[in-house]
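For reference, entry_12.pdb is printed below; it contains PDB, C-alpha atoms, pLDDT in the B column.
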ATOM      1  CA  MET U   1      74.868 120.537  31.895  1.00 73.00           C
ATOM      2  CA  GLU U   2      73.981 118.201  29.086  1.00 83.00           C
ATOM      3  CA  GLU U   3      70.379 119.328  29.254  1.00 87.00           C
ATOM      4  CA  ALA U   4      71.370 122.894  28.616  1.00 89.00           C
ATOM      5  CA  GLU U   5      73.369 121.771  25.621  1.00 91.00           C
ATOM      6  CA  ALA U   6      70.486 119.717  24.262  1.00 91.00           C
ATOM      7  CA  GLU U   7      68.177 122.682  24.692  1.00 91.00           C
ATOM      8  CA  GLU U   8      70.628 124.927  22.924  1.00 92.00           C
ATOM      9  CA  GLN U   9      70.842 122.429  20.097  1.00 93.00           C
ATOM     10  CA  GLN U  10      67.048 122.339  19.820  1.00 92.00           C
ATOM     11  CA  ARG U  11      66.857 126.115  19.717  1.00 91.00           C
ATOM     12  CA  PHE U  12      69.481 126.189  17.013  1.00 93.00           C
ATOM     13  CA  SER U  13      67.664 123.563  14.922  1.00 95.00           C
ATOM     14  CA  HIS U  14      64.391 125.411  15.304  1.00 96.00           C
ATOM     15  CA  ARG U  15      66.041 128.608  14.143  1.00 96.00           C
ATOM     16  CA  GLN U  16      67.614 126.826  11.187  1.00 96.00           C
ATOM     17  CA  ARG U  17      64.269 125.348  10.154  1.00 97.00           C
ATOM     18  CA  LEU U  18      62.672 128.780  10.252  1.00 97.00           C
ATOM     19  CA  LYS U  19      65.501 130.227   8.196  1.00 97.00           C
ATOM     20  CA  ALA U  20      65.039 127.467   5.653  1.00 97.00           C
ATOM     21  CA  ALA U  21      61.320 128.136   5.456  1.00 97.00           C
ATOM     22  CA  VAL U  22      61.973 131.844   4.945  1.00 98.00           C
ATOM     23  CA  HIS U  23      64.557 131.033   2.314  1.00 98.00           C
ATOM     24  CA  TYR U  24      62.044 128.938   0.419  1.00 97.00           C
ATOM     25  CA  THR U  25      59.421 131.674   0.399  1.00 98.00           C
ATOM     26  CA  VAL U  26      61.971 134.300  -0.551  1.00 98.00           C
ATOM     27  CA  GLY U  27      63.081 132.065  -3.411  1.00 97.00           C
ATOM     28  CA  CYS U  28      59.507 131.821  -4.684  1.00 97.00           C
ATOM     29  CA  LEU U  29      59.030 135.580  -4.509  1.00 97.00           C
ATOM     30  CA  CYS U  30      62.333 136.263  -6.251  1.00 96.00           C
ATOM     31  CA  GLN U  31      61.274 133.833  -8.946  1.00 95.00           C
ATOM     32  CA  GLU U  32      58.161 135.939  -9.543  1.00 95.00           C
ATOM     33  CA  VAL U  33      60.212 139.106  -9.871  1.00 94.00           C
ATOM     34  CA  ALA U  34      62.716 137.313 -12.085  1.00 93.00           C
ATOM     35  CA  LEU U  35      59.963 136.287 -14.460  1.00 93.00           C
ATOM     36  CA  ASP U  36      58.482 139.748 -14.432  1.00 91.00           C
ATOM     37  CA  LYS U  37      61.747 141.594 -15.056  1.00 88.00           C
ATOM     38  CA  GLN U  38      63.253 138.942 -17.303  1.00 88.00           C
ATOM     39  CA  VAL U  39      66.347 138.481 -15.167  1.00 88.00           C
ATOM     40  CA  GLN U  40      67.885 135.788 -13.022  1.00 89.00           C
ATOM     41  CA  PHE U  41      68.834 136.084  -9.394  1.00 91.00           C
ATOM     42  CA  SER U  42      72.084 134.531  -8.282  1.00 90.00           C
ATOM     43  CA  LYS U  43      71.850 132.041  -5.391  1.00 93.00           C
ATOM     44  CA  GLN U  44      73.912 134.386  -3.250  1.00 91.00           C
ATOM     45  CA  THR U  45      71.463 137.199  -3.826  1.00 92.00           C
ATOM     46  CA  ILE U  46      68.478 135.093  -2.853  1.00 95.00           C
ATOM     47  CA  ALA U  47      70.350 133.888   0.226  1.00 95.00           C
ATOM     48  CA  ALA U  48      71.267 137.447   1.142  1.00 94.00           C
ATOM     49  CA  ILE U  49      67.692 138.735   0.779  1.00 95.00           C
ATOM     50  CA  SER U  50      66.557 135.764   2.841  1.00 97.00           C
ATOM     51  CA  GLU U  51      69.052 136.572   5.585  1.00 96.00           C
ATOM     52  CA  VAL U  52      68.039 140.229   5.672  1.00 95.00           C
ATOM     53  CA  THR U  53      64.368 139.267   5.836  1.00 97.00           C
ATOM     54  CA  PHE U  54      64.968 136.843   8.681  1.00 97.00           C
ATOM     55  CA  ARG U  55      66.861 139.490  10.633  1.00 95.00           C
ATOM     56  CA  GLN U  56      64.241 142.138   9.942  1.00 95.00           C
ATOM     57  CA  CYS U  57      61.668 139.866  11.565  1.00 97.00           C
ATOM     58  CA  GLU U  58      63.467 140.333  14.862  1.00 96.00           C
ATOM     59  CA  ASN U  59      63.028 144.104  14.657  1.00 95.00           C
ATOM     60  CA  PHE U  60      59.402 143.703  13.642  1.00 97.00           C
ATOM     61  CA  ALA U  61      58.645 141.282  16.472  1.00 97.00           C
ATOM     62  CA  LYS U  62      60.234 143.442  19.147  1.00 96.00           C
ATOM     63  CA  ASP U  63      58.508 146.571  17.857  1.00 96.00           C
ATOM     64  CA  LEU U  64      55.124 144.838  17.702  1.00 96.00           C
ATOM     65  CA  GLU U  65      55.459 143.597  21.248  1.00 96.00           C
ATOM     66  CA  MET U  66      56.416 147.104  22.406  1.00 94.00           C
ATOM     67  CA  PHE U  67      53.490 148.689  20.569  1.00 93.00           C
ATOM     68  CA  ALA U  68      51.008 146.303  22.151  1.00 93.00           C
ATOM     69  CA  ARG U  69      52.374 146.834  25.633  1.00 89.00           C
ATOM     70  CA  HIS U  70      52.669 150.562  25.138  1.00 85.00           C
ATOM     71  CA  SER U  71      48.993 150.786  24.318  1.00 81.00           C
ATOM     72  CA  GLY U  72      48.417 150.678  28.045  1.00 70.00           C
ATOM     73  CA  ASP U  73      50.238 153.975  28.499  1.00 67.00           C
ATOM     74  CA  CYS U  74      47.543 156.273  27.211  1.00 65.00           C
ATOM     75  CA  PHE U  75      46.260 159.295  29.095  1.00 66.00           C
ATOM     76  CA  CYS U  76      42.599 158.790  28.331  1.00 66.00           C
ATOM     77  CA  PRO U  77      40.693 160.519  31.113  1.00 65.00           C
ATOM     78  CA  LEU U  78      37.714 158.230  30.817  1.00 62.00           C
ATOM     79  CA  ARG U  79      39.333 154.966  31.756  1.00 59.00           C
ATOM     80  CA  ARG U  80      42.620 153.203  32.028  1.00 60.00           C
ATOM     81  CA  HIS U  81      43.336 150.829  29.178  1.00 61.00           C
ATOM     82  CA  ALA U  82      44.989 147.592  30.134  1.00 67.00           C
ATOM     83  CA  LYS U  83      48.286 146.809  28.485  1.00 75.00           C
ATOM     84  CA  ARG U  84      47.615 144.486  25.633  1.00 86.00           C
ATOM     85  CA  SER U  85      49.263 141.140  25.261  1.00 91.00           C
ATOM     86  CA  THR U  86      47.771 140.535  21.817  1.00 95.00           C
ATOM     87  CA  VAL U  87      49.347 142.212  18.825  1.00 96.00           C
ATOM     88  CA  THR U  88      46.682 143.645  16.524  1.00 95.00           C
ATOM     89  CA  THR U  89      46.540 145.022  12.989  1.00 96.00           C
ATOM     90  CA  GLU U  90      46.896 148.538  14.409  1.00 94.00           C
ATOM     91  CA  ASP U  91      50.328 147.556  15.703  1.00 95.00           C
ATOM     92  CA  VAL U  92      51.276 146.132  12.318  1.00 96.00           C
ATOM     93  CA  LYS U  93      50.232 149.385  10.642  1.00 96.00           C
ATOM     94  CA  LEU U  94      52.638 151.239  12.915  1.00 94.00           C
ATOM     95  CA  LEU U  95      55.438 149.165  11.439  1.00 94.00           C
ATOM     96  CA  ALA U  96      54.621 150.615   8.035  1.00 93.00           C
ATOM     97  CA  ARG U  97      54.679 154.238   9.187  1.00 92.00           C
ATOM     98  CA  ARG U  98      58.011 155.254   7.612  1.00 90.00           C
ATOM     99  CA  SER U  99      56.852 155.271   4.027  1.00 89.00           C
ATOM    100  CA  ASN U 100      53.605 156.961   3.006  1.00 90.00           C
ATOM    101  CA  SER U 101      52.994 154.661   0.076  1.00 90.00           C
ATOM    102  CA  LEU U 102      53.714 151.608   2.196  1.00 92.00           C
ATOM    103  CA  LEU U 103      51.375 152.779   4.939  1.00 94.00           C
ATOM    104  CA  LYS U 104      48.635 153.452   2.397  1.00 93.00           C
ATOM    105  CA  TYR U 105      49.081 150.010   0.848  1.00 94.00           C
ATOM    106  CA  ILE U 106      49.062 148.232   4.187  1.00 95.00           C
ATOM    107  CA  THR U 107      46.004 150.133   5.359  1.00 96.00           C
ATOM    108  CA  GLU U 108      44.152 149.122   2.209  1.00 95.00           C
ATOM    109  CA  LYS U 109      45.285 145.527   2.557  1.00 95.00           C
ATOM    110  CA  ASN U 110      44.041 145.519   6.114  1.00 95.00           C
ATOM    111  CA  GLU U 111      40.596 146.596   4.973  1.00 95.00           C
ATOM    112  CA  GLU U 112      40.634 143.922   2.282  1.00 94.00           C
ATOM    113  CA  ILE U 113      41.528 141.247   4.804  1.00 93.00           C
ATOM    114  CA  ALA U 114      38.886 142.417   7.251  1.00 92.00           C
ATOM    115  CA  GLN U 115      36.276 142.392   4.502  1.00 93.00           C
ATOM    116  CA  LEU U 116      37.251 138.898   3.331  1.00 91.00           C
ATOM    117  CA  ASN U 117      37.135 137.544   6.857  1.00 89.00           C
ATOM    118  CA  LEU U 118      33.699 139.053   7.379  1.00 90.00           C
ATOM    119  CA  GLU U 119      32.463 137.329   4.237  1.00 92.00           C
ATOM    120  CA  ARG U 120      33.983 134.030   5.326  1.00 90.00           C
ATOM    121  CA  LYS U 121      32.265 134.245   8.681  1.00 88.00           C
ATOM    122  CA  ALA U 122      28.973 135.029   7.012  1.00 89.00           C
ATOM    123  CA  LYS U 123      29.318 131.927   4.836  1.00 88.00           C
ATOM    124  CA  LYS U 124      30.058 129.706   7.801  1.00 85.00           C
ATOM    125  CA  LYS U 125      26.987 130.912   9.611  1.00 81.00           C
ATOM    126  CA  ARG U 126      24.697 129.531   6.930  1.00 75.00           C
ATOM    127  CA  LYS U 127      23.291 126.313   8.349  1.00 58.00           C
ATOM    128  CA  PRO U 128      24.384 123.177   6.451  1.00 60.00           C
ATOM    129  CA  GLU U 129      21.017 121.420   6.951  1.00 54.00           C
ATOM    130  CA  ASP U 130      19.342 124.107   4.871  1.00 51.00           C
ATOM    131  CA  GLU U 131      18.415 121.744   2.028  1.00 50.00           C
ATOM    132  CA  ASN U 132      15.807 124.132   0.705  1.00 51.00           C
ATOM    133  CA  ARG U 133      18.457 126.461  -0.629  1.00 53.00           C
ATOM    134  CA  ASP U 134      18.038 127.675  -4.174  1.00 49.00           C
ATOM    135  CA  PHE U 135      20.111 126.016  -6.802  1.00 49.00           C
ATOM    136  CA  MET U 136      20.878 129.564  -7.898  1.00 49.00           C
ATOM    137  CA  GLU U 137      22.432 130.221  -4.528  1.00 50.00           C
ATOM    138  CA  LEU U 138      24.529 127.080  -4.765  1.00 48.00           C
ATOM    139  CA  ASP U 139      25.927 128.209  -8.084  1.00 46.00           C
ATOM    140  CA  ALA U 140      26.844 131.572  -6.616  1.00 46.00           C
ATOM    141  CA  ASP U 141      28.808 129.753  -3.922  1.00 47.00           C
ATOM    142  CA  VAL U 142      30.839 127.818  -6.437  1.00 46.00           C
ATOM    143  CA  VAL U 143      31.636 130.869  -8.545  1.00 45.00           C
ATOM    144  CA  GLY U 144      32.406 133.159  -5.632  1.00 44.00           C
ATOM    145  CA  SER U 145      34.585 130.862  -3.532  1.00 43.00           C
ATOM    146  CA  ASP U 146      38.337 131.284  -3.322  1.00 44.00           C
ATOM    147  CA  SER U 147      40.796 128.504  -4.058  1.00 42.00           C
TER     148      SER U 147
ATOM    149  CA  MET Z   1      43.048 133.290  -2.498  1.00 43.00           C
ATOM    150  CA  GLU Z   2      46.400 134.684  -3.508  1.00 47.00           C
ATOM    151  CA  GLU Z   3      47.718 133.387  -6.781  1.00 54.00           C
ATOM    152  CA  ALA Z   4      51.113 134.838  -5.913  1.00 80.00           C
ATOM    153  CA  SER Z   5      53.545 133.340  -3.412  1.00 92.00           C
ATOM    154  CA  GLY Z   6      53.670 134.533   0.137  1.00 96.00           C
ATOM    155  CA  PHE Z   7      54.483 133.786   3.738  1.00 97.00           C
ATOM    156  CA  ARG Z   8      52.244 131.297   5.488  1.00 97.00           C
ATOM    157  CA  LYS Z   9      50.540 132.506   8.657  1.00 96.00           C
ATOM    158  CA  GLU Z  10      52.071 129.672  10.650  1.00 97.00           C
ATOM    159  CA  LEU Z  11      55.580 130.643   9.585  1.00 98.00           C
ATOM    160  CA  VAL Z  12      54.969 134.300  10.378  1.00 98.00           C
ATOM    161  CA  SER Z  13      53.684 133.352  13.809  1.00 98.00           C
ATOM    162  CA  LYS Z  14      56.761 131.247  14.566  1.00 97.00           C
ATOM    163  CA  LEU Z  15      59.085 133.960  13.299  1.00 98.00           C
ATOM    164  CA  LEU Z  16      57.529 136.569  15.559  1.00 98.00           C
ATOM    165  CA  HIS Z  17      57.326 134.340  18.614  1.00 97.00           C
ATOM    166  CA  LEU Z  18      61.016 133.555  18.230  1.00 96.00           C
ATOM    167  CA  HIS Z  19      61.784 137.130  19.277  1.00 96.00           C
ATOM    168  CA  PHE Z  20      59.024 138.041  21.719  1.00 97.00           C
ATOM    169  CA  ARG Z  21      60.379 138.742  25.158  1.00 95.00           C
ATOM    170  CA  ASP Z  22      57.159 137.990  26.985  1.00 93.00           C
ATOM    171  CA  CYS Z  23      55.830 134.464  26.582  1.00 92.00           C
ATOM    172  CA  LYS Z  24      52.310 135.832  27.043  1.00 93.00           C
ATOM    173  CA  THR Z  25      52.457 137.930  23.873  1.00 95.00           C
ATOM    174  CA  LYS Z  26      50.053 136.712  21.201  1.00 96.00           C
ATOM    175  CA  VAL Z  27      49.223 137.837  17.679  1.00 97.00           C
ATOM    176  CA  SER Z  28      45.703 138.132  16.280  1.00 96.00           C
ATOM    177  CA  GLY Z  29      44.864 136.206  13.120  1.00 95.00           C
ATOM    178  CA  ASP Z  30      44.275 139.391  11.183  1.00 95.00           C
ATOM    179  CA  ALA Z  31      47.596 140.799  12.346  1.00 97.00           C
ATOM    180  CA  LEU Z  32      49.334 137.622  11.162  1.00 97.00           C
ATOM    181  CA  GLN Z  33      47.751 137.950   7.742  1.00 96.00           C
ATOM    182  CA  LEU Z  34      48.761 141.575   7.537  1.00 97.00           C
ATOM    183  CA  MET Z  35      52.308 140.765   8.652  1.00 97.00           C
ATOM    184  CA  ALA Z  36      52.530 138.089   5.986  1.00 97.00           C
ATOM    185  CA  GLU Z  37      51.663 140.760   3.461  1.00 96.00           C
ATOM    186  CA  LEU Z  38      54.177 143.212   4.915  1.00 96.00           C
ATOM    187  CA  LEU Z  39      56.926 140.622   4.713  1.00 97.00           C
ATOM    188  CA  ARG Z  40      55.947 139.792   1.160  1.00 96.00           C
ATOM    189  CA  ILE Z  41      56.286 143.450   0.198  1.00 95.00           C
ATOM    190  CA  PHE Z  42      59.597 143.662   2.014  1.00 95.00           C
ATOM    191  CA  VAL Z  43      61.016 140.817  -0.047  1.00 96.00           C
ATOM    192  CA  LEU Z  44      59.534 142.117  -3.300  1.00 95.00           C
ATOM    193  CA  ALA Z  45      60.958 145.568  -2.582  1.00 93.00           C
ATOM    194  CA  ALA Z  46      64.388 144.079  -1.980  1.00 93.00           C
ATOM    195  CA  ALA Z  47      64.230 141.932  -5.094  1.00 93.00           C
ATOM    196  CA  ARG Z  48      62.917 144.703  -7.351  1.00 90.00           C
ATOM    197  CA  GLY Z  49      65.371 147.203  -5.885  1.00 88.00           C
ATOM    198  CA  VAL Z  50      68.193 144.886  -6.731  1.00 85.00           C
ATOM    199  CA  CYS Z  51      66.963 144.571 -10.311  1.00 84.00           C
ATOM    200  CA  GLN Z  52      66.790 148.319 -10.710  1.00 79.00           C
ATOM    201  CA  ALA Z  53      70.232 148.856  -9.247  1.00 73.00           C
ATOM    202  CA  GLN Z  54      71.568 146.949 -12.199  1.00 65.00           C
ATOM    203  CA  ALA Z  55      72.997 149.536 -14.514  1.00 50.00           C
ATOM    204  CA  GLU Z  56      74.058 147.308 -17.341  1.00 56.00           C
ATOM    205  CA  ASP Z  57      71.981 144.834 -19.211  1.00 57.00           C
ATOM    206  CA  LEU Z  58      73.149 141.884 -17.152  1.00 64.00           C
ATOM    207  CA  ASP Z  59      71.041 138.773 -17.022  1.00 66.00           C
ATOM    208  CA  VAL Z  60      72.139 137.787 -13.555  1.00 70.00           C
ATOM    209  CA  VAL Z  61      71.426 139.891 -10.487  1.00 69.00           C
ATOM    210  CA  ASP Z  62      74.227 139.786  -7.997  1.00 73.00           C
ATOM    211  CA  VAL Z  63      74.843 140.584  -4.334  1.00 79.00           C
ATOM    212  CA  ASP Z  64      76.600 143.885  -5.150  1.00 78.00           C
ATOM    213  CA  GLN Z  65      73.301 145.379  -6.185  1.00 77.00           C
ATOM    214  CA  LEU Z  66      71.734 144.286  -2.916  1.00 80.00           C
ATOM    215  CA  GLU Z  67      74.391 146.182  -0.993  1.00 80.00           C
ATOM    216  CA  LYS Z  68      73.418 149.344  -2.843  1.00 80.00           C
ATOM    217  CA  VAL Z  69      69.741 148.832  -2.222  1.00 82.00           C
ATOM    218  CA  LEU Z  70      69.832 147.736   1.405  1.00 83.00           C
ATOM    219  CA  PRO Z  71      70.219 151.096   3.191  1.00 82.00           C
ATOM    220  CA  GLN Z  72      67.168 152.616   1.554  1.00 83.00           C
ATOM    221  CA  LEU Z  73      65.160 149.450   1.995  1.00 85.00           C
ATOM    222  CA  LEU Z  74      65.798 149.373   5.715  1.00 84.00           C
ATOM    223  CA  LEU Z  75      65.022 153.081   6.020  1.00 80.00           C
ATOM    224  CA  ASP Z  76      61.662 152.521   4.391  1.00 82.00           C
ATOM    225  CA  PHE Z  77      60.849 149.853   6.896  1.00 84.00           C
TER     226      PHE Z  77
END
As structure tokens, what does this structure read like?
Amino acid sequence: MEEAEAEEQQRFSHRQRLKAAVHYTVGCLCQEVALDKQVQFSKQTIAAISEVTFRQCENFAKDLEMFARHSGDCFCPLRRHAKRSTVTTEDVKLLARRSNSLLKYITEKNEEIAQLNLERKAKKKRKPEDENRDFMELDADVVGSDS
Amino acid sequence: MEEASGFRKELVSKLLHLHFRDCKTKVSGDALQLMAELLRIFVLAAARGVCQAQAEDLDVVDVDQLEKVLPQLLLDF
């Protein structure tokens, strides 16, 4: 009996920590908007946006899981696709389907991310023992790298 | 990379896993990054919506404005 209680307590604490982390990020983002629009957000407003965001994550998570699993239910005559257990960017894009501008933005962001990751992988593949590299190339690395 | 604030991938992962029904469900790295962006937009949309809902020239944005903005925000998402 006590174990169940302890577990419940742990779950609660975990949830609270996540909420706090969300609250912090929401606060930072509101601060950006506040600076931009020259206003101030009340603490209650930030807390409310944080709460809404946290709750929205539940909808997102459940939808994403459904989308991934549902991908197995296609009627492709060539082969049967296995249900996926890994959520992909295609699933995330489905989340953004309700607003055209949002979908467009997310699609573009996805391409940006994919491109950046490709570049990162390409950089990693360069062998570190390649001492004969141009100094020119080294400079390019310094200028082009992200923080 | 991003000069602006945002949700860390680790946080996004934990948030999603909190609600997955199947313990086997995973999220790709790219999907996490994209979700972080989606969440960032969600928050910005809420915050900006609240600012716009302010009719008068108030300096402080209050919860009342959020109540006006919420229905549309949730419909968009």
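For chain U, the residues within 6 Å of chain Z are Val39, Gln40, Phe41, Ser42, Thr45, Glu58, Ala61, Ser85, Thr86, Val87, Thr88, Thr89, Arg98, Ser99, Asp146 and Ser147 of chain U, with all atoms listed in the file used to measure distance.
Distance-wise, atom CA of Gln72 of chain Z and atom CA of Glu112 of chain U end up 27.9 Å apart.
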Just the number, please: distance in Å from atom CA of Val69 of chain Z to atom CA of Gly49 of chain Z, one decimal.
5.9 Å
Using atom CA of Phe60 of chain U and atom CA of Ala96 of chain U as the two end points, give the distance in Å to one decimal.
10.1 Å
